[in-house]
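Enquirer: Structure file data-v7.txt (compact mmCIF, C-alpha atoms) is given on the next line.
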```txt
# COMPACT_ATOMS: atom_id res chain seq x y z
CA MET O 1 -16.60 11.98 -8.24
CA HIS O 2 -18.63 9.32 -10.07
CA ALA O 3 -21.59 11.68 -10.47
CA LYS O 4 -19.39 14.44 -11.93
CA ASP O 5 -17.23 12.24 -14.18
CA PRO O 6 -18.63 8.70 -14.57
CA GLU O 7 -16.25 7.91 -17.43
CA LYS O 8 -13.13 8.44 -15.30
CA PHE O 9 -14.62 7.34 -11.96
CA GLY O 10 -16.51 4.26 -13.06
CA ASP O 11 -18.17 3.33 -9.76
CA VAL O 12 -19.32 4.81 -6.47
CA ASN O 13 -17.20 2.55 -4.25
CA HIS O 14 -14.27 3.50 -2.08
CA LYS O 15 -10.92 1.73 -2.44
CA PRO O 16 -9.13 0.66 0.74
CA GLU O 17 -6.47 -1.99 0.16
CA ILE O 18 -3.89 -4.19 1.79
CA ALA O 19 -0.50 -5.52 0.66
CA ILE O 20 1.29 -8.59 2.01
CA ALA O 21 5.00 -8.99 1.28
CA LEU O 22 6.12 -12.13 -0.57
CA SER O 23 9.69 -10.83 -0.80
CA ARG O 24 11.52 -7.86 0.71
CA PHE O 25 9.07 -5.06 -0.05
CA GLU O 26 9.82 -1.33 -0.09
CA LEU O 27 7.01 1.20 -0.03
CA PHE O 28 5.78 4.63 0.93
CA VAL O 29 2.53 4.74 2.87
CA GLY O 30 0.69 7.45 4.77
CA PHE O 31 2.25 10.58 6.24
CA LYS O 32 5.11 10.91 8.67
CA PRO O 33 4.23 12.26 12.13
CA LEU O 34 3.52 15.98 11.89
CA ASN O 35 6.46 16.93 14.12
CA GLN O 36 8.91 15.13 11.80
CA ILE O 37 7.52 16.88 8.73
CA ALA O 38 7.54 20.26 10.49
CA GLU O 39 11.19 19.74 11.46
CA LEU O 40 12.14 18.94 7.86
CA MET O 41 10.29 21.96 6.51
CA ARG O 42 12.48 24.26 8.62
CA LEU O 43 15.35 23.54 6.23
CA LYS O 44 16.26 26.70 4.30
CA PRO O 45 15.33 25.38 0.81
CA LEU O 46 11.89 24.29 2.06
CA GLU O 47 10.71 26.88 4.57
CA HIS O 48 9.13 29.12 1.91
CA LEU O 49 6.82 26.23 0.89
CA VAL O 50 5.10 25.97 4.28
CA PRO O 51 1.68 27.69 4.49
CA ALA O 52 1.33 30.50 6.99
CA HIS O 53 -0.53 28.57 9.69
CA LYS O 54 -0.16 29.20 13.38
CA ASN O 55 0.29 25.46 13.94
CA PHE O 56 1.58 22.82 11.56
CA ASP O 57 -1.56 20.65 11.50
CA ASP O 58 -3.30 18.43 8.96
CA GLY O 59 -4.72 21.50 7.24
CA ALA O 60 -1.23 22.86 6.73
CA LEU O 61 -0.06 19.44 5.55
CA ARG O 62 -2.83 19.31 2.94
CA GLN O 63 -1.76 22.70 1.58
CA LEU O 64 1.91 21.70 1.63
CA CYS O 65 1.17 18.51 -0.29
CA GLU O 66 -0.76 20.50 -2.90
CA THR O 67 2.07 23.03 -3.16
CA LEU O 68 4.73 20.35 -3.71
CA LEU O 69 2.62 18.64 -6.36
CA SER O 70 2.07 21.97 -8.15
CA LEU O 71 5.72 23.01 -8.42
CA PRO O 72 6.96 23.39 -12.02
CA PRO O 73 9.46 20.75 -13.21
CA ASP O 74 12.52 23.01 -12.95
CA ALA O 75 11.64 23.97 -9.37
CA VAL O 76 11.30 20.29 -8.45
CA SER O 77 14.69 19.46 -9.93
CA GLU O 78 16.39 22.46 -8.31
CA THR O 79 14.89 21.70 -4.87
CA ILE O 80 16.08 18.11 -5.06
CA LYS O 81 19.59 19.21 -6.03
CA ILE O 82 19.81 21.69 -3.14
CA LEU O 83 18.54 19.15 -0.61
CA GLN O 84 21.12 16.61 -1.75
CA ASP O 85 23.91 19.12 -1.11
CA ILE O 86 22.86 19.77 2.52
CA SER O 87 24.77 18.08 5.34
CA LEU O 88 23.07 14.91 6.58
CA SER O 89 23.18 16.21 10.15
CA GLU O 90 20.64 18.90 9.24
CA PHE O 91 17.99 16.29 8.42
CA GLY O 92 17.73 15.01 12.00
CA ASP O 93 15.60 11.84 12.21
CA SER O 94 14.95 12.00 8.45
CA GLY O 95 18.53 11.36 7.38
CA ASN O 96 17.42 8.99 4.60
CA VAL O 97 15.83 11.86 2.61
CA PRO O 98 18.85 12.64 0.35
CA SER O 99 19.42 8.98 -0.57
CA LEU O 100 15.71 8.47 -1.25
CA LEU O 101 15.63 11.58 -3.46
CA ASP O 102 18.63 10.28 -5.39
CA ARG O 103 17.03 6.88 -5.91
CA LEU O 104 13.60 8.25 -6.85
CA SER O 105 15.08 10.80 -9.24
CA LYS O 106 16.90 8.04 -11.10
CA GLN O 107 13.79 5.85 -11.19
CA TYR O 108 11.17 8.50 -12.05
CA SER O 109 13.28 11.47 -13.33
CA THR O 110 14.47 14.47 -11.38
CA PHE O 111 11.39 16.48 -12.46
CA ASP O 112 8.73 14.26 -10.82
CA ASN O 113 6.84 16.07 -8.04
CA GLY O 114 6.17 12.71 -6.42
CA ASN O 115 9.84 12.53 -5.40
CA LEU O 116 9.42 15.44 -2.98
CA VAL O 117 6.08 14.28 -1.58
CA ALA O 118 7.34 10.73 -0.97
CA ALA O 119 10.76 11.56 0.50
CA LEU O 120 9.69 14.56 2.60
CA LEU O 121 6.14 13.76 3.71
CA MET O 122 5.58 10.00 3.59
CA ASN O 123 6.61 7.01 5.68
CA TYR O 124 9.27 4.91 3.93
CA MET O 125 8.93 1.28 5.04
CA VAL O 126 10.65 -2.04 4.36
CA LEU O 127 8.61 -5.20 4.95
CA GLU O 128 9.91 -8.75 5.15
CA PRO O 129 7.96 -11.72 3.72
CA GLY O 130 4.72 -12.28 5.62
CA GLU O 131 4.43 -8.71 6.89
CA GLY O 132 1.49 -6.62 5.71
CA VAL O 133 0.18 -3.06 5.52
CA CYS O 134 -3.28 -1.57 5.30
CA VAL O 135 -4.12 1.58 3.32
CA PRO O 136 -7.46 3.25 4.09
CA ALA O 137 -9.66 4.69 1.36
CA ASP O 138 -8.08 7.90 -0.01
CA GLY O 139 -4.81 6.93 1.69
CA LEU O 140 -1.55 8.12 0.15
CA HIS O 141 0.74 5.27 -0.91
CA ALA O 142 3.29 4.13 -3.50
CA TRP O 143 4.83 0.68 -3.93
CA LEU O 144 8.56 0.96 -4.67
CA SER O 145 9.95 -2.56 -5.11
CA GLY O 146 9.29 -6.20 -4.25
CA ASP O 147 6.63 -8.86 -4.72
CA ILE O 148 3.29 -8.70 -2.90
CA ILE O 149 -0.18 -10.12 -2.59
CA GLU O 150 -2.47 -7.11 -2.99
CA CYS O 151 -6.18 -7.01 -2.31
CA MET O 152 -8.50 -4.03 -2.58
CA ALA O 153 -12.17 -3.19 -2.33
CA ARG O 154 -14.38 -3.49 -5.41
CA SER O 155 -13.47 -0.23 -7.13
CA ASP O 156 -11.50 0.97 -10.15
CA ASN O 157 -11.20 4.54 -8.88
CA VAL O 158 -7.72 6.00 -8.47
CA LEU O 159 -6.05 9.43 -8.40
CA ASN O 160 -2.43 9.70 -9.59
CA THR O 161 -0.24 12.78 -9.14
CA GLY O 162 3.28 11.36 -8.98
CA PHE O 163 5.54 8.56 -10.23
CA CYS O 164 3.77 8.61 -13.60
CA PRO O 165 3.97 10.68 -16.84
CA ARG O 166 2.62 14.22 -16.46
CA ALA O 167 0.00 13.54 -19.12
CA ASP O 168 -1.46 10.79 -16.89
CA ARG O 169 -1.65 12.90 -13.71
CA ASP O 170 -4.93 13.85 -12.13
CA ASP O 171 -6.01 17.24 -10.84
CA VAL O 172 -3.82 18.21 -7.88
CA LYS O 173 -6.57 20.15 -6.09
CA LEU O 174 -8.92 17.18 -6.33
CA PHE O 175 -6.17 14.88 -5.07
CA ALA O 176 -5.39 17.12 -2.10
CA GLN O 177 -9.08 17.51 -1.30
CA ALA O 178 -9.58 13.73 -1.21
CA LEU O 179 -6.57 12.93 1.02
CA THR O 180 -7.07 11.29 4.36
CA PHE O 181 -4.47 11.94 7.07
CA LYS O 182 -4.39 8.53 8.68
CA PRO O 183 -1.99 6.96 9.26
CA HIS O 184 0.54 9.37 10.75
CA GLY O 185 3.56 7.13 11.33
CA PRO O 186 4.61 3.74 9.91
CA GLU O 187 3.43 1.62 12.84
CA GLU O 188 -0.19 2.66 12.20
CA SER O 189 -0.05 1.08 8.73
CA LEU O 190 1.04 -2.40 9.81
CA LEU O 191 -1.48 -5.21 9.43
CA GLN O 192 -0.98 -8.10 11.83
CA ARG O 193 -1.04 -11.77 10.85
CA LYS O 194 -3.12 -13.86 13.27
CA LYS O 195 -4.08 -17.51 13.63
CA SER O 196 -7.47 -18.17 12.01
CA PRO O 197 -10.20 -20.49 13.34
CA ILE O 198 -11.25 -21.10 9.73
CA GLY O 199 -8.34 -23.53 9.45
CA LEU O 200 -9.66 -26.64 11.16
CA LYS O 201 -6.19 -28.19 11.44
CA GLY O 202 -4.55 -25.02 12.76
CA ARG O 203 -2.37 -24.22 9.75
CA SER O 204 -4.12 -21.07 8.50
CA ASP O 205 -3.35 -17.47 9.43
CA GLU O 206 -5.45 -14.44 8.58
CA TYR O 207 -5.00 -10.78 7.70
CA ALA O 208 -8.14 -8.91 8.76
CA PRO O 209 -8.14 -5.18 7.88
CA PRO O 210 -10.37 -2.75 9.81
CA PHE O 211 -13.01 -2.56 7.08
CA SER O 212 -15.68 -5.01 6.04
CA GLU O 213 -15.02 -5.86 2.37
CA PHE O 214 -12.51 -8.71 2.60
CA ASN O 215 -9.99 -10.73 4.61
CA ILE O 216 -7.06 -12.82 3.39
CA LEU O 217 -6.16 -16.29 4.64
CA VAL O 218 -2.67 -17.73 4.18
CA VAL O 219 -2.02 -21.47 4.34
CA ALA O 220 1.63 -22.51 4.74
CA LEU O 221 2.18 -26.29 4.77
CA SER O 222 5.37 -28.21 5.30
CA PRO O 223 5.92 -31.55 3.52
CA THR O 224 3.16 -34.12 4.25
CA GLU O 225 0.99 -31.58 6.12
CA ALA O 226 -2.67 -30.83 5.35
CA GLU O 227 -5.27 -28.17 6.12
CA LYS O 228 -9.06 -28.01 5.87
CA HIS O 229 -11.16 -24.85 5.80
CA GLN O 230 -14.63 -24.58 7.21
CA VAL O 231 -17.26 -23.45 4.70
CA LEU O 232 -16.99 -19.67 4.39
CA GLY O 233 -20.48 -18.95 3.10
CA THR O 234 -18.96 -16.32 0.81
CA PRO O 235 -17.01 -16.46 -2.48
CA SER O 236 -13.22 -16.46 -2.47
CA ILE O 237 -10.17 -16.36 -4.76
CA LEU O 238 -7.09 -18.52 -4.20
CA ILE O 239 -3.56 -18.20 -5.56
CA VAL O 240 -0.69 -20.61 -4.90
CA THR O 241 2.59 -18.72 -4.46
CA GLN O 242 4.93 -21.59 -3.56
CA GLY O 243 5.15 -25.37 -3.81
CA SER O 244 2.55 -27.84 -5.04
CA GLY O 245 -0.11 -30.16 -3.74
CA LYS O 246 -3.74 -31.15 -4.06
CA MET O 247 -7.03 -29.39 -3.33
CA ASN O 248 -10.14 -31.41 -2.53
CA VAL O 249 -13.24 -29.27 -3.14
CA GLY O 250 -15.63 -31.38 -1.04
CA ASP O 251 -17.64 -33.09 -3.78
CA GLY O 252 -15.04 -35.73 -4.54
CA THR O 253 -13.19 -33.57 -7.06
CA VAL O 254 -9.45 -33.20 -6.46
CA HIS O 255 -7.32 -30.61 -8.28
CA ASP O 256 -3.56 -30.61 -8.68
CA ILE O 257 -2.37 -27.15 -7.60
CA GLY O 258 1.04 -25.49 -7.86
CA GLU O 259 2.84 -22.17 -7.99
CA GLY O 260 0.80 -19.72 -10.08
CA THR O 261 -2.45 -21.69 -9.85
CA VAL O 262 -5.52 -19.46 -9.37
CA TYR O 263 -9.04 -20.60 -8.45
CA PHE O 264 -12.41 -19.01 -7.75
CA ALA O 265 -14.26 -20.89 -4.99
CA ALA O 266 -18.02 -20.77 -4.57
CA LYS O 267 -19.48 -19.71 -1.25
CA ASP O 268 -20.33 -23.29 -0.20
CA ALA O 269 -16.95 -24.85 -1.15
CA GLU O 270 -15.45 -27.10 1.53
CA LEU O 271 -11.75 -27.00 0.70
CA GLU O 272 -8.98 -29.29 1.91
CA PHE O 273 -5.31 -28.88 0.99
CA SER O 274 -2.47 -31.39 1.15
CA THR O 275 1.12 -31.57 -0.02
CA LYS O 276 4.06 -33.95 -0.22
CA THR O 277 6.70 -31.27 -0.75
CA GLY O 278 5.36 -28.02 0.79
CA LEU O 279 2.67 -25.53 -0.21
CA THR O 280 1.83 -21.87 0.37
CA LEU O 281 -1.39 -20.27 -0.81
CA TYR O 282 -3.43 -17.14 -0.18
CA ARG O 283 -7.21 -17.06 -0.11
CA ALA O 284 -9.06 -13.74 -0.24
CA TYR O 285 -12.73 -13.89 0.70
CA ALA O 286 -15.57 -11.42 0.86
CA THR O 287 -16.85 -10.35 4.26
CA PHE O 288 -20.12 -8.63 5.10
```
As structure tokens - that is how I would like this structure written.
Expert:
Amino acid sequence: MHAKDPEKFGDVNHKPEIAIALSRFELFVGFKPLNQIAELMRLKPLEHLVPAHKNFDDGALRQLCETLLSLPPDAVSETIKILQDISLSEFGDSGNVPSLLDRLSKQYSTFDNGNLVAALLMNYMVLEPGEGVCVPADGLHAWLSGDIIECMARSDNVLNTGFCPRADRDDVKLFAQALTFKPHGPEESLLQRKKSPIGLKGRSDEYAPPFSEFNILVVALSPTEAEKHQVLGTPSILIVTQGSGKMNVGDGTVHDIGEGTVYFAAKDAELEFSTKTGLTLYRAYATF
């Protein structure tokens, strides 16, 4: 993509990313299991959209996604209206589809192709604070509502085909060609929070995605608690999301830190955090 259009695709890097919920967080990520999608597509208003494959596999899903994104605005609106008039019992395990279509149509207009792709094909998830998801490079996703810490690989490349003005949408065929089909199911997207040995006083957890670019540490201190990080040997970025306290950078310098404070830390920084009232911060660092 960069070689063909370096102005639009400004670098050669891929773009996996993670999101960690700071509040209740609603999102669409990855594709539903194939059997759930196939069951939905048997509904009368949708069956004509399914490609003529012997089996409903990832190849058929790619074509279906391209078809939905290529529908003219009036066809999108009409399909949504018909689906909302169908009895909920006909949707089986996907009974939330009509309510999602109603909500998305109000938020993005009834003519947005992304409404159909999200509600019919994608996993709708609700995360509570502290829960995280991982999106692989070329993974289909859309953030719906809530506050998050988001971290992604060093790339500005993105393809948009829904939930944005038509003038800003990218080529549907290119989008469909680039899609990856993992995950299939919401549980495959979850990113676990684990205790990190980097926190020498045991008050640091870590989100470690299955790719090498970065990890994120979270430090959550109660009043009068403290934490010290071993030297990472790699640069990092910190943001305080709650509370206030102090950060000793190891050379005798102490910074007052509080909600909204952001720092870049050099690779040899030896950081120690303390608080009188409580403190939560996230620290993203490069991995190799």
Enquirer: Set the distance at 8 Å and use all atoms listed in the file: which residues neighbour Ser196 in chain O once local chain neighbours fewer than 5 positions away are removed? I'd like the list as a PyMOL selection string.
Expert: chain O and resi 202+204-206+217
Enquirer: How far is it from CA of Leu43 in chain O to CA of Gln84 in chain O, in Å with one decimal?
Expert: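 So the two atoms, CA of Leu43 in chain O and CA of Gln84 in chain O, lie 12.0 Å apart.
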Enquirer: To one decimal place in Å, what is the distance between CA of Phe91 in chain O and CA of Asp138 in chain O?
Expert: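 Atom-to-atom, CA of Phe91 in chain O to CA of Asp138 in chain O, that is 28.7 Å.
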Enquirer: To one decimal place, how far is CA of Leu116 in chain O from CA of Gly139 in chain O in Å?
Expert: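 CA of Gly139 in chain O lies at a distance of 17.2 Å from CA of Leu116 in chain O.
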Enquirer: When you count only C-alpha atoms, which of these residues is closest to Glu225 in chain O: O:Thr275, O:Asn160, O:Ser94, O:Ser23?
Expert: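 Result for the nearest residue to Glu225 in chain O: O:Thr275.
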Enquirer: When distances are computed from all atoms listed in the file, which of O:Lys4, O:Lys182, O:His48, O:Arg62 shows the smallest separation from Phe31 in chain O?
Expert: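 Among the listed residues, O:Lys182 lies closest to Phe31 in chain O.
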Enquirer: Restricting the calculation to all atoms listed in the file: of O:Asn115, O:Asn96, O:Thr67, O:Ser222, which residue gets closest to Phe273 in chain O?
Expert: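 Among O:Asn115, O:Asn96, O:Thr67, O:Ser222, it is O:Ser222 that comes nearest to Phe273 in chain O.
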Enquirer: Using all atoms listed in the file, which residues sit within 9 Å of Ala284 in chain O once same-chain residues fewer than 4 positions away are excluded, as number ranges by chain?
Expert: O: 151, 214-218, 235-239
Enquirer: Take the residues from that selection and write them out as a PDB file, keeping the file's coordinate frame, keeping C-alpha atoms.
Expert:
```
ATOM      1  CA  CYS O 151      -6.180  -7.010  -2.310  1.00  0.00           C
ATOM      2  CA  PHE O 214     -12.510  -8.710   2.600  1.00  0.00           C
ATOM      3  CA  ASN O 215      -9.990 -10.730   4.610  1.00  0.00           C
ATOM      4  CA  ILE O 216      -7.060 -12.820   3.390  1.00  0.00           C
ATOM      5  CA  LEU O 217      -6.160 -16.290   4.640  1.00  0.00           C
ATOM      6  CA  VAL O 218      -2.670 -17.730   4.180  1.00  0.00           C
ATOM      7  CA  PRO O 235     -17.010 -16.460  -2.480  1.00  0.00           C
ATOM      8  CA  SER O 236     -13.220 -16.460  -2.470  1.00  0.00           C
ATOM      9  CA  ILE O 237     -10.170 -16.360  -4.760  1.00  0.00           C
ATOM     10  CA  LEU O 238      -7.090 -18.520  -4.200  1.00  0.00           C
ATOM     11  CA  ILE O 239      -3.560 -18.200  -5.560  1.00  0.00           C
TER      12      ILE O 239
END
```
Enquirer: So which residues touch Lys32 in chain O within 8 Å, counting all atoms listed in the file, skipping near sequence neighbours fewer than 5 positions away, as a ChimeraX atom specification?
Expert: /O:37,121-123,184-186
Enquirer: When you count all atoms listed in the file, which of these residues is closest to Asp170 in chain O: O:His229, O:Lys44, O:Lys8, O:Arg203?
Expert: O:Lys8
Enquirer: Near Phe163 in chain O, counting only C-alpha atoms, which residues have an atom at most 12 Å away, once you skip same-chain residues fewer than 2 positions from it, shown as a ChimeraX atom specification?
Expert: /O:28,69,104-118,141-144,159-161,165-170
Enquirer: For Pro209 in chain O, which of O:Val254, O:Val231, O:Leu190, O:Val29 is the closest residue, counting only C-alpha atoms?
Expert: O:Leu190
Enquirer: Determine, counting only C-alpha atoms, which protein, DNA and RNA residues have an atom within 12 Å of an atom of Leu83 in chain O; residues of the same chain fewer than 3 positions away are not included. Present the result as a ChimeraX atom specification.
Expert: /O:40-41,43-46,76-80,86-88,90-91,95-102,115-116,119-120
Enquirer: Ranking O:Leu49, O:Thr277, O:Gly132, O:Gly258 by minimum distance to Leu71 in chain O and counting only C-alpha atoms, which one comes first?
Expert: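 Of O:Leu49, O:Thr277, O:Gly132, O:Gly258, the one nearest Leu71 in chain O, counting only C-alpha atoms, is O:Leu49.
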Enquirer: List every protein, DNA or RNA residue that has an atom no more than 9 Å from (-8.7, 13.4, 1.9) in the file's coordinate frame, counting only C-alpha atoms, and report them as a VMD selection string.
Expert: chain O and resid 62 137 to 139 175 to 181
Enquirer: Taking the point (-21.5, 2.9, -6.1) as given in the file, collect each protein or nucleic acid residue that comes within 12 Å of it, counting all atoms listed in the file, and present the set as a count of residues only.
Expert: 16
